[in-house]
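Structure first, then comments.
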Amino acid sequence: MTSAKSNIVCFQLRRVALVLVAMTCLCRANLHAQVLPEGGVLLEFIASERQHFSVLTYAQSYLDDQHERVSYGGTLYEGIHSFQLNECEVVAQVAVQDRYSGAIEHRSGLGRVHYERTGELTDDTVYEYRFSLAELNAGEITDSRARPVQFLSDTNFQCQEDRSCSLSWVRLRSRDAEISEIRTVNGIQDIDTKVSSIVLPVASAGSAANAVKVFSSAARACAAAN
């Protein structure tokens, strides 16, 4: 009896093992079936980019409305936080963190100077984009060097990493305003709209050139598949 029971247990264990192997193979097959080969190359590129992030260490000084000197210094971090691809549909998140501190220079009528310190401050911004690779204009995907939007309102910035305070980007354009954009600042959503183009940060000018190639290839493949 003991030998018979052992044989039955061994047989059942073999069946379970075979089922698990079959399920694993099926899951892998389904995973690859959901992404075109060009999409797989794109995912590999994004996975590499997610290991890096763009950094600008900056200083800023200006006169406010009360003609008092305001000085700030900080570090801006920007990078692709997540990137999901299902067939040709993309959901991507770009995270931006601005860590800074500063001081306001107050002058009294007697010529004395008092500095009001801000302490350490942090602003977190998340951009979520949803779009189809098939809807992108493959021929209009470009790379560029430009300032992040956080630095566009004022030209009086000085950065250690780049004199112009510029970062590397890949710009994606859709045929129409088919790209969904949601922006959340410090946990509060303030933008939910449709746009015709977006930019994604990349680590370097070389990465931006590669991004143009892999996005263009994936966009053409998805357009042909549809």
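Following the order of the structure tokens, chains are lettered A, B, ..., residues in each are numbered from 1, and ligands are numbered from 1.
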
Nearby residues (only C-alpha atoms) at most 7 Å from Ala146 in chain A, same-chain spacing under 5 positions excluded, as a PDB file with N, CA, C and O atoms, in the first residue's frame:
ATOM      1  N   SER A 166      19.904  73.305 -20.285  1.00  0.00           N
ATOM      2  CA  SER A 166      19.132  72.476 -21.207  1.00  0.00           C
ATOM      3  C   SER A 166      19.295  70.991 -20.889  1.00  0.00           C
ATOM      4  O   SER A 166      20.316  70.567 -20.347  1.00  0.00           O
ATOM      5  N   LEU A 167      18.271  70.221 -21.255  1.00  0.00           N
ATOM      6  CA  LEU A 167      18.284  68.771 -21.148  1.00  0.00           C
ATOM      7  C   LEU A 167      18.012  68.168 -22.520  1.00  0.00           C
ATOM      8  O   LEU A 167      17.611  68.865 -23.456  1.00  0.00           O
ATOM      9  N   SER A 168      18.228  66.863 -22.641  1.00  0.00           N
ATOM     10  CA  SER A 168      17.967  66.161 -23.896  1.00  0.00           C
ATOM     11  C   SER A 168      16.558  65.573 -23.876  1.00  0.00           C
ATOM     12  O   SER A 168      16.102  65.054 -22.849  1.00  0.00           O
TER      13      SER A 168
END

Nearby residues (only C-alpha atoms) at most 6 Å from Asp143 in chain A, same-chain spacing under 2 positions excluded, as a list in words: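 Here the qualifying residues turn out to be Trp169, Val170 and Ala208 of chain A.
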
Atom-to-atom span, CA of Asp162 in chain A and CA of Arg147 in chain A, Å: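 Value for the CA of Asp162 in chain A-CA of Arg147 in chain A distance: 10.0 Å.
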
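Nearest residue to Tyr77 in chain A, choosing from A:Ser144, A:Gln60, A:Gln97, A:Asn226 and counting only C-alpha atoms: A:Gln97.
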
Contacts of Tyr62 in chain A at 9 Å (only C-alpha atoms; same-chain gap of 6+ positions) as a VMD selection string: chain A and resid 68 to 71 156

Export, as a compact mmCIF listing (two decimals), in the first residue's frame, the selected residues with N, CA, C and O atoms.
# COMPACT_ATOMS: atom_id res chain seq x y z
N GLU A 68 12.72 93.46 -3.55
CA GLU A 68 13.61 92.78 -2.62
C GLU A 68 14.30 91.63 -3.35
O GLU A 68 13.69 90.95 -4.18
N ARG A 69 15.56 91.44 -3.05
CA ARG A 69 16.34 90.40 -3.71
C ARG A 69 15.93 89.02 -3.21
O ARG A 69 15.91 88.75 -2.02
N VAL A 70 15.61 88.13 -4.14
CA VAL A 70 15.24 86.75 -3.84
C VAL A 70 16.28 85.83 -4.48
O VAL A 70 16.57 85.96 -5.68
N SER A 71 16.85 84.93 -3.72
CA SER A 71 17.86 84.02 -4.23
C SER A 71 17.47 82.58 -3.91
O SER A 71 17.06 82.29 -2.77
N ASN A 156 16.77 83.89 -15.92
CA ASN A 156 17.84 84.16 -14.97
C ASN A 156 18.19 82.92 -14.14
O ASN A 156 18.12 82.91 -12.91

Tell me which protein, DNA and RNA residues are within 7 Å of range 117-123 of chain A, counting only C-alpha atoms, leaving out same-chain ones fewer than 5 positions away, and put them as a PyMOL selection string. chain A and resi 97-104+186

Any chance you can output those residues with C-alpha atoms as a PDB file, in the first residue's frame?
ATOM      1  CA  GLN A  97      11.325  66.509  -8.512  1.00  0.00           C
ATOM      2  CA  ASP A  98      12.575  69.990  -7.659  1.00  0.00           C
ATOM      3  CA  ARG A  99      14.472  70.270  -4.355  1.00  0.00           C
ATOM      4  CA  TYR A 100      15.406  73.821  -3.439  1.00  0.00           C
ATOM      5  CA  SER A 101      15.904  76.415  -0.734  1.00  0.00           C
ATOM      6  CA  GLY A 102      16.329  80.161  -0.754  1.00  0.00           C
ATOM      7  CA  ALA A 103      16.316  83.473   1.015  1.00  0.00           C
ATOM      8  CA  ILE A 104      14.566  86.844   0.679  1.00  0.00           C
ATOM      9  CA  ASN A 186       2.296  67.713  -5.245  1.00  0.00           C
TER      10      ASN A 186
END

Check range 11-189 of chain A with DSSP on the backbone and list each residue it calls helix (DSSP H, G or I), as a VMD selection string. chain A and resid 11 to 33 37 to 49 133 to 135 138 to 140 149 to 151

Range 159-209 of chain A: residues DSSP assigns to strand (DSSP E), reported as an mmCIF file with N, CA, C and O atoms, in the first residue's frame:
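File produced: out-v6.cif:
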data_model
loop_
_atom_site.group_PDB
_atom_site.id
_atom_site.type_symbol
_atom_site.label_atom_id
_atom_site.label_comp_id
_atom_site.auth_asym_id
_atom_site.auth_seq_id
_atom_site.Cartn_x
_atom_site.Cartn_y
_atom_site.Cartn_z
ATOM 1 N N CYS A 159 23.160 77.049 -14.302
ATOM 2 C CA CYS A 159 23.211 75.621 -14.001
ATOM 3 C C CYS A 159 24.646 75.115 -14.104
ATOM 4 O O CYS A 159 25.403 75.525 -14.993
ATOM 5 N N LEU A 167 18.271 70.221 -21.255
ATOM 6 C CA LEU A 167 18.284 68.771 -21.148
ATOM 7 C C LEU A 167 18.012 68.168 -22.520
ATOM 8 O O LEU A 167 17.611 68.865 -23.456
ATOM 9 N N SER A 168 18.228 66.863 -22.641
ATOM 10 C CA SER A 168 17.967 66.161 -23.896
ATOM 11 C C SER A 168 16.558 65.573 -23.876
ATOM 12 O O SER A 168 16.102 65.054 -22.849
ATOM 13 N N TRP A 169 15.883 65.633 -25.042
ATOM 14 C CA TRP A 169 14.482 65.199 -25.142
ATOM 15 C C TRP A 169 14.254 64.463 -26.455
ATOM 16 O O TRP A 169 14.965 64.688 -27.435
ATOM 17 N N VAL A 170 13.213 63.637 -26.471
ATOM 18 C CA VAL A 170 12.664 63.120 -27.721
ATOM 19 C C VAL A 170 11.227 63.634 -27.804
ATOM 20 O O VAL A 170 10.470 63.525 -26.840
ATOM 21 N N ARG A 171 10.889 64.250 -28.936
ATOM 22 C CA ARG A 171 9.543 64.803 -29.130
ATOM 23 C C ARG A 171 8.718 63.849 -29.986
ATOM 24 O O ARG A 171 9.139 63.439 -31.064
ATOM 25 N N LEU A 172 7.528 63.510 -29.490
ATOM 26 C CA LEU A 172 6.592 62.644 -30.193
ATOM 27 C C LEU A 172 5.405 63.482 -30.653
ATOM 28 O O LEU A 172 4.859 64.272 -29.879
ATOM 29 N N ARG A 173 5.004 63.293 -31.907
ATOM 30 C CA ARG A 173 3.871 64.035 -32.460
ATOM 31 C C ARG A 173 2.825 63.057 -32.984
ATOM 32 O O ARG A 173 3.166 62.054 -33.615
ATOM 33 N N ILE A 179 -2.999 62.490 -28.013
ATOM 34 C CA ILE A 179 -2.204 62.106 -26.844
ATOM 35 C C ILE A 179 -2.866 62.657 -25.589
ATOM 36 O O ILE A 179 -3.095 63.863 -25.477
ATOM 37 N N SER A 180 -3.198 61.780 -24.664
ATOM 38 C CA SER A 180 -3.802 62.192 -23.395
ATOM 39 C C SER A 180 -2.701 62.604 -22.417
ATOM 40 O O SER A 180 -1.723 61.874 -22.234
ATOM 41 N N GLU A 181 -2.849 63.770 -21.802
ATOM 42 C CA GLU A 181 -1.877 64.271 -20.833
ATOM 43 C C GLU A 181 -2.574 64.613 -19.515
ATOM 44 O O GLU A 181 -3.544 65.365 -19.498
ATOM 45 N N ILE A 182 -2.081 64.036 -18.435
ATOM 46 C CA ILE A 182 -2.567 64.353 -17.089
ATOM 47 C C ILE A 182 -1.365 64.800 -16.263
ATOM 48 O O ILE A 182 -0.353 64.093 -16.203
ATOM 49 N N ARG A 183 -1.479 65.978 -15.640
ATOM 50 C CA ARG A 183 -0.391 66.463 -14.794
ATOM 51 C C ARG A 183 -0.856 66.559 -13.353
ATOM 52 O O ARG A 183 -1.939 67.064 -13.065
ATOM 53 N N THR A 184 -0.015 66.044 -12.452
ATOM 54 C CA THR A 184 -0.297 66.082 -11.018
ATOM 55 C C THR A 184 0.878 66.754 -10.319
ATOM 56 O O THR A 184 2.022 66.320 -10.466
ATOM 57 N N VAL A 185 0.589 67.835 -9.584
ATOM 58 C CA VAL A 185 1.628 68.586 -8.881
ATOM 59 C C VAL A 185 1.403 68.460 -7.382
ATOM 60 O O VAL A 185 0.341 68.831 -6.876
ATOM 61 N N ILE A 188 -1.850 66.914 -6.430
ATOM 62 C CA ILE A 188 -3.091 67.537 -6.895
ATOM 63 C C ILE A 188 -3.097 67.587 -8.420
ATOM 64 O O ILE A 188 -2.202 68.176 -9.029
ATOM 65 N N GLN A 189 -4.088 66.958 -9.033
ATOM 66 C CA GLN A 189 -4.197 66.962 -10.490
ATOM 67 C C GLN A 189 -4.677 68.326 -10.960
ATOM 68 O O GLN A 189 -5.706 68.828 -10.511
ATOM 69 N N ASP A 190 -3.931 68.937 -11.881
ATOM 70 C CA ASP A 190 -4.318 70.265 -12.352
ATOM 71 C C ASP A 190 -4.474 70.353 -13.865
ATOM 72 O O ASP A 190 -4.942 71.375 -14.376
ATOM 73 N N ILE A 191 -4.101 69.301 -14.598
ATOM 74 C CA ILE A 191 -4.277 69.291 -16.051
ATOM 75 C C ILE A 191 -4.765 67.917 -16.481
ATOM 76 O O ILE A 191 -4.239 66.893 -16.047
ATOM 77 N N ASP A 192 -5.787 67.892 -17.332
ATOM 78 C CA ASP A 192 -6.293 66.665 -17.956
ATOM 79 C C ASP A 192 -6.778 67.070 -19.336
ATOM 80 O O ASP A 192 -7.869 67.616 -19.487
ATOM 81 N N THR A 193 -5.953 66.822 -20.365
ATOM 82 C CA THR A 193 -6.260 67.353 -21.680
ATOM 83 C C THR A 193 -5.742 66.439 -22.773
ATOM 84 O O THR A 193 -5.123 65.406 -22.504
ATOM 85 N N LYS A 194 -6.002 66.818 -24.021
ATOM 86 C CA LYS A 194 -5.475 66.126 -25.192
ATOM 87 C C LYS A 194 -4.502 67.060 -25.900
ATOM 88 O O LYS A 194 -4.782 68.249 -26.079
ATOM 89 N N VAL A 195 -3.349 66.527 -26.306
ATOM 90 C CA VAL A 195 -2.339 67.336 -26.971
ATOM 91 C C VAL A 195 -1.856 66.619 -28.226
ATOM 92 O O VAL A 195 -2.059 65.412 -28.394
ATOM 93 N N SER A 197 1.492 66.873 -29.234
ATOM 94 C CA SER A 197 2.894 66.511 -29.094
ATOM 95 C C SER A 197 3.312 66.535 -27.631
ATOM 96 O O SER A 197 2.738 67.275 -26.822
ATOM 97 N N ILE A 198 4.299 65.708 -27.302
ATOM 98 C CA ILE A 198 4.858 65.669 -25.957
ATOM 99 C C ILE A 198 6.372 65.484 -26.083
ATOM 100 O O ILE A 198 6.885 65.136 -27.149
ATOM 101 N N VAL A 199 7.081 65.735 -24.990
ATOM 102 C CA VAL A 199 8.514 65.438 -24.950
ATOM 103 C C VAL A 199 8.782 64.503 -23.776
ATOM 104 O O VAL A 199 8.170 64.624 -22.719
ATOM 105 N N LEU A 200 9.693 63.556 -24.002
ATOM 106 C CA LEU A 200 10.136 62.645 -22.958
ATOM 107 C C LEU A 200 11.614 62.896 -22.692
ATOM 108 O O LEU A 200 12.408 63.019 -23.629
ATOM 109 N N PRO A 201 12.016 62.988 -21.413
ATOM 110 C CA PRO A 201 13.427 63.238 -21.103
ATOM 111 C C PRO A 201 14.266 61.989 -21.311
ATOM 112 O O PRO A 201 13.822 60.879 -21.023
ATOM 113 N N VAL A 202 15.466 62.185 -21.815
ATOM 114 C CA VAL A 202 16.428 61.091 -21.961
ATOM 115 C C VAL A 202 17.773 61.550 -21.403
ATOM 116 O O VAL A 202 18.000 62.736 -21.192
#

From A:Ser174, A:Ser48, A:Gln34, A:Ser54, residue lying nearest Ser204 in chain A [only C-alpha atoms]: A:Ser54

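Excluding range 223-225 of chain A and any residue on its chain fewer than 2 positions from it, the residues at most 8 Å away by only C-alpha atoms are A:Leu133, A:Ala134, A:Glu135, A:Ala219, A:Arg220, A:Ala221.
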
Within 9 Å of Ser216 in chain A, counting only C-alpha atoms, which residues qualify if same-chain residues fewer than 5 places away don't, as a ChimeraX atom specification? /A:133,136-141,211,221

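Between Ile46 in chain A and the candidates A:Gln66, A:Gln84, A:Thr125, A:Gln158, the tightest atom-to-atom separation, counting only C-alpha atoms, involves A:Gln84.
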
Proximity to Cys222 in chain A - best of A:Asp65, A:Glu44, A:Glu89, A:Glu49, only C-alpha atoms: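 Using only C-alpha atoms, Cys222 in chain A sits closest to A:Glu89.
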